[in-house]
Amino acid sequence: MPKMKTKSGAAKRFLKTASGYKHKHAFKSHILTKMSTKRKRQLRGSELMHPSDKAKVERMLRVR
(Lines give C-alpha, C1' and ligand atoms only; values in the text may rest on other atoms or scores of the structure.)
Protein backbone atom coordinates (compact mmCIF):
# COMPACT_ATOMS: atom_id res chain seq x y z
CA MET A 1 0.00 0.00 0.00
CA PRO A 2 1.21 3.54 -0.70
CA LYS A 3 1.65 5.98 2.14
CA MET A 4 -1.35 8.05 3.20
CA LYS A 5 -0.99 11.68 2.15
CA THR A 6 -1.63 14.55 4.54
CA LYS A 7 -4.29 17.05 3.41
CA SER A 8 -2.02 19.92 2.38
CA GLY A 9 -4.68 22.55 3.11
CA ALA A 10 -5.03 21.28 6.68
CA ALA A 11 -1.26 21.15 7.14
CA LYS A 12 -1.08 24.87 6.31
CA ARG A 13 -3.91 25.80 8.69
CA PHE A 14 -3.28 23.81 11.87
CA LEU A 15 -0.22 23.58 14.10
CA LYS A 16 0.26 20.70 16.55
CA THR A 17 1.10 21.76 20.10
CA ALA A 18 1.45 19.83 23.35
CA SER A 19 -2.09 20.75 24.40
CA GLY A 20 -3.85 20.40 21.04
CA TYR A 21 -3.95 22.19 17.68
CA LYS A 22 -3.62 25.92 17.10
CA HIS A 23 -5.62 27.68 14.38
CA LYS A 24 -6.23 31.20 13.13
CA HIS A 25 -9.58 32.96 13.42
CA ALA A 26 -11.86 33.03 10.38
CA PHE A 27 -13.33 36.18 8.76
CA LYS A 28 -10.10 38.18 9.07
CA SER A 29 -8.74 38.24 5.52
CA HIS A 30 -10.57 40.92 3.48
CA ILE A 31 -13.53 43.36 3.45
CA LEU A 32 -12.61 44.54 6.93
CA THR A 33 -13.82 48.13 6.48
CA LYS A 34 -17.40 47.31 7.48
CA MET A 35 -16.26 45.36 10.54
CA SER A 36 -15.97 47.17 13.86
CA THR A 37 -12.57 47.74 15.43
CA LYS A 38 -13.63 45.70 18.45
CA ARG A 39 -14.50 42.70 16.26
CA LYS A 40 -11.22 42.86 14.34
CA ARG A 41 -9.28 43.10 17.60
CA GLN A 42 -11.06 40.03 19.01
CA LEU A 43 -10.24 38.01 15.88
CA ARG A 44 -6.53 38.70 16.25
CA GLY A 45 -4.08 35.96 17.21
CA SER A 46 -4.64 32.23 17.32
CA GLU A 47 -6.66 29.85 19.45
CA LEU A 48 -6.65 26.18 20.40
CA MET A 49 -8.93 23.89 18.43
CA HIS A 50 -12.10 22.85 20.27
CA PRO A 51 -11.80 19.25 21.59
CA SER A 52 -14.84 18.14 19.57
CA ASP A 53 -13.02 19.05 16.32
CA LYS A 54 -9.76 17.38 17.31
CA ALA A 55 -10.61 14.01 15.70
CA LYS A 56 -11.43 15.66 12.34
CA VAL A 57 -8.16 17.59 12.28
CA GLU A 58 -6.14 14.52 13.23
CA ARG A 59 -7.75 12.58 10.39
CA MET A 60 -6.87 15.32 7.89
CA LEU A 61 -3.30 15.44 9.19
CA ARG A 62 -3.09 11.59 9.29
CA VAL A 63 -1.99 11.57 12.93
CA ARG A 64 -3.92 8.43 13.80
# chains A, B, ... in the order shown; residues from 1 in each chain; ligands from 1
$ select_by_dssp --residues "region 6-61 of chain A" --states "helix (DSSP H, G or I)" --output "ChimeraX atom specification"
/A:8-13,37-42,51-61
$ residues_around --residues "Lys24 (chain A)" --least-positions-apart "6" --cutoff "8 Å" --atoms "only C-alpha atoms" --output "mmCIF file with N, CA and C atoms, in the first residue's frame"
data_model
loop_
_atom_site.group_PDB
_atom_site.id
_atom_site.type_symbol
_atom_site.label_atom_id
_atom_site.label_comp_id
_atom_site.auth_asym_id
_atom_site.auth_seq_id
_atom_site.Cartn_x
_atom_site.Cartn_y
_atom_site.Cartn_z
ATOM 1 N N ARG A 13 -3.000 25.072 7.809
ATOM 2 C CA ARG A 13 -3.908 25.803 8.695
ATOM 3 C C ARG A 13 -3.796 25.446 10.170
ATOM 4 N N GLY A 45 -4.771 37.054 16.532
ATOM 5 C CA GLY A 45 -4.081 35.963 17.206
ATOM 6 C C GLY A 45 -4.612 34.594 16.833
ATOM 7 N N SER A 46 -4.227 33.605 17.598
ATOM 8 C CA SER A 46 -4.643 32.229 17.323
ATOM 9 C C SER A 46 -5.282 31.633 18.573
ATOM 10 N N GLU A 47 -5.908 30.491 18.380
ATOM 11 C CA GLU A 47 -6.659 29.849 19.452
ATOM 12 C C GLU A 47 -6.454 28.343 19.352
#
$ atom_distance --atom1 "CA of Ala26 (chain A)" --atom2 "CA of Ser8 (chain A)"
18.2 Å
$ closest_residue --among "A:Arg41, A:Arg64, A:Lys56, A:His50" --to "His23 (chain A)" --atoms "only C-alpha atoms"
A:His50
$ atom_distance --atom1 "CA of Met49 (chain A)" --atom2 "CA of Ala18 (chain A)"
12.2 Å
$ select_by_dssp --residues "chain A" --states "strand (DSSP E)" --output "list in words"
Leu15, Lys16, Thr17, Gly20, Tyr21, Lys22, His23, Lys24, Ser46, Glu47 and Leu48 of chain A
$ write_last_selection --atoms "N, CA, C and O atoms" --output "short mmCIF file (atom, residue, chain, number, x, y, z; two decimals), in the first residue's frame"
data_model
loop_
_atom_site.label_atom_id
_atom_site.label_comp_id
_atom_site.auth_asym_id
_atom_site.auth_seq_id
_atom_site.Cartn_x
_atom_site.Cartn_y
_atom_site.Cartn_z
N LEU A 15 -1.55 23.82 13.56
CA LEU A 15 -0.22 23.58 14.10
C LEU A 15 -0.36 22.74 15.36
O LEU A 15 -1.11 23.10 16.28
N LYS A 16 0.33 21.60 15.40
CA LYS A 16 0.26 20.70 16.55
C LYS A 16 1.05 21.29 17.71
O LYS A 16 2.19 21.71 17.54
N THR A 17 0.42 21.34 18.88
CA THR A 17 1.10 21.76 20.10
C THR A 17 0.94 20.66 21.14
O THR A 17 0.24 19.67 20.89
N GLY A 20 -2.84 20.52 22.09
CA GLY A 20 -3.85 20.40 21.04
C GLY A 20 -3.37 20.95 19.72
O GLY A 20 -2.21 20.81 19.37
N TYR A 21 -4.28 21.61 18.98
CA TYR A 21 -3.95 22.19 17.68
C TYR A 21 -4.30 23.67 17.69
O TYR A 21 -5.38 24.06 18.12
N LYS A 22 -3.37 24.49 17.21
CA LYS A 22 -3.62 25.92 17.10
C LYS A 22 -4.21 26.22 15.73
O LYS A 22 -3.88 25.55 14.75
N HIS A 23 -5.07 27.24 15.67
CA HIS A 23 -5.62 27.68 14.38
C HIS A 23 -5.88 29.18 14.43
O HIS A 23 -6.00 29.77 15.51
N LYS A 24 -5.95 29.78 13.25
CA LYS A 24 -6.23 31.20 13.13
C LYS A 24 -7.73 31.42 13.10
O LYS A 24 -8.48 30.53 12.73
N SER A 46 -4.23 33.60 17.60
CA SER A 46 -4.64 32.23 17.32
C SER A 46 -5.28 31.63 18.57
O SER A 46 -5.18 32.19 19.67
N GLU A 47 -5.91 30.49 18.38
CA GLU A 47 -6.66 29.85 19.45
C GLU A 47 -6.45 28.34 19.35
O GLU A 47 -6.11 27.83 18.29
N LEU A 48 -6.72 27.64 20.44
CA LEU A 48 -6.65 26.18 20.40
C LEU A 48 -7.94 25.63 19.80
O LEU A 48 -9.02 26.18 20.01
#
$ residues_around --residues "Glu58 (chain A)" --least-positions-apart "4" --cutoff "10 Å" --atoms "only C-alpha atoms" --output "list in words"
Thr6, Ala10, Phe14, Lys16, Tyr21, Asp53, Lys54, Arg62, Val63 and Arg64 of chain A
$ residues_around --residues "Arg39 (chain A)" --least-positions-apart "6" --cutoff "12 Å" --atoms "only C-alpha atoms" --output "number ranges by chain"
A: 25-28, 32-33
$ write_last_selection --atoms "N, CA and C atoms" --output "mmCIF file, in the first residue's frame"
data_model
loop_
_atom_site.group_PDB
_atom_site.id
_atom_site.type_symbol
_atom_site.label_atom_id
_atom_site.label_comp_id
_atom_site.auth_asym_id
_atom_site.auth_seq_id
_atom_site.Cartn_x
_atom_site.Cartn_y
_atom_site.Cartn_z
ATOM 1 N N HIS A 25 -8.158 32.624 13.482
ATOM 2 C CA HIS A 25 -9.580 32.960 13.422
ATOM 3 C C HIS A 25 -10.030 33.133 11.976
ATOM 4 N N ALA A 26 -11.280 32.816 11.709
ATOM 5 C CA ALA A 26 -11.865 33.027 10.385
ATOM 6 C C ALA A 26 -12.369 34.467 10.265
ATOM 7 N N PHE A 27 -12.747 34.861 9.054
ATOM 8 C CA PHE A 27 -13.334 36.178 8.761
ATOM 9 C C PHE A 27 -12.375 37.330 9.040
ATOM 10 N N LYS A 28 -11.074 37.137 8.781
ATOM 11 C CA LYS A 28 -10.103 38.182 9.075
ATOM 12 C C LYS A 28 -9.169 38.405 7.887
ATOM 13 N N LEU A 32 -12.627 44.259 5.499
ATOM 14 C CA LEU A 32 -12.608 44.536 6.932
ATOM 15 C C LEU A 32 -13.104 45.940 7.258
ATOM 16 N N THR A 33 -13.422 46.740 6.230
ATOM 17 C CA THR A 33 -13.823 48.126 6.479
ATOM 18 C C THR A 33 -15.181 48.208 7.162
#
$ atom_distance --atom1 "CA of Ser19 (chain A)" --atom2 "CA of Met60 (chain A)"
18.0 Å
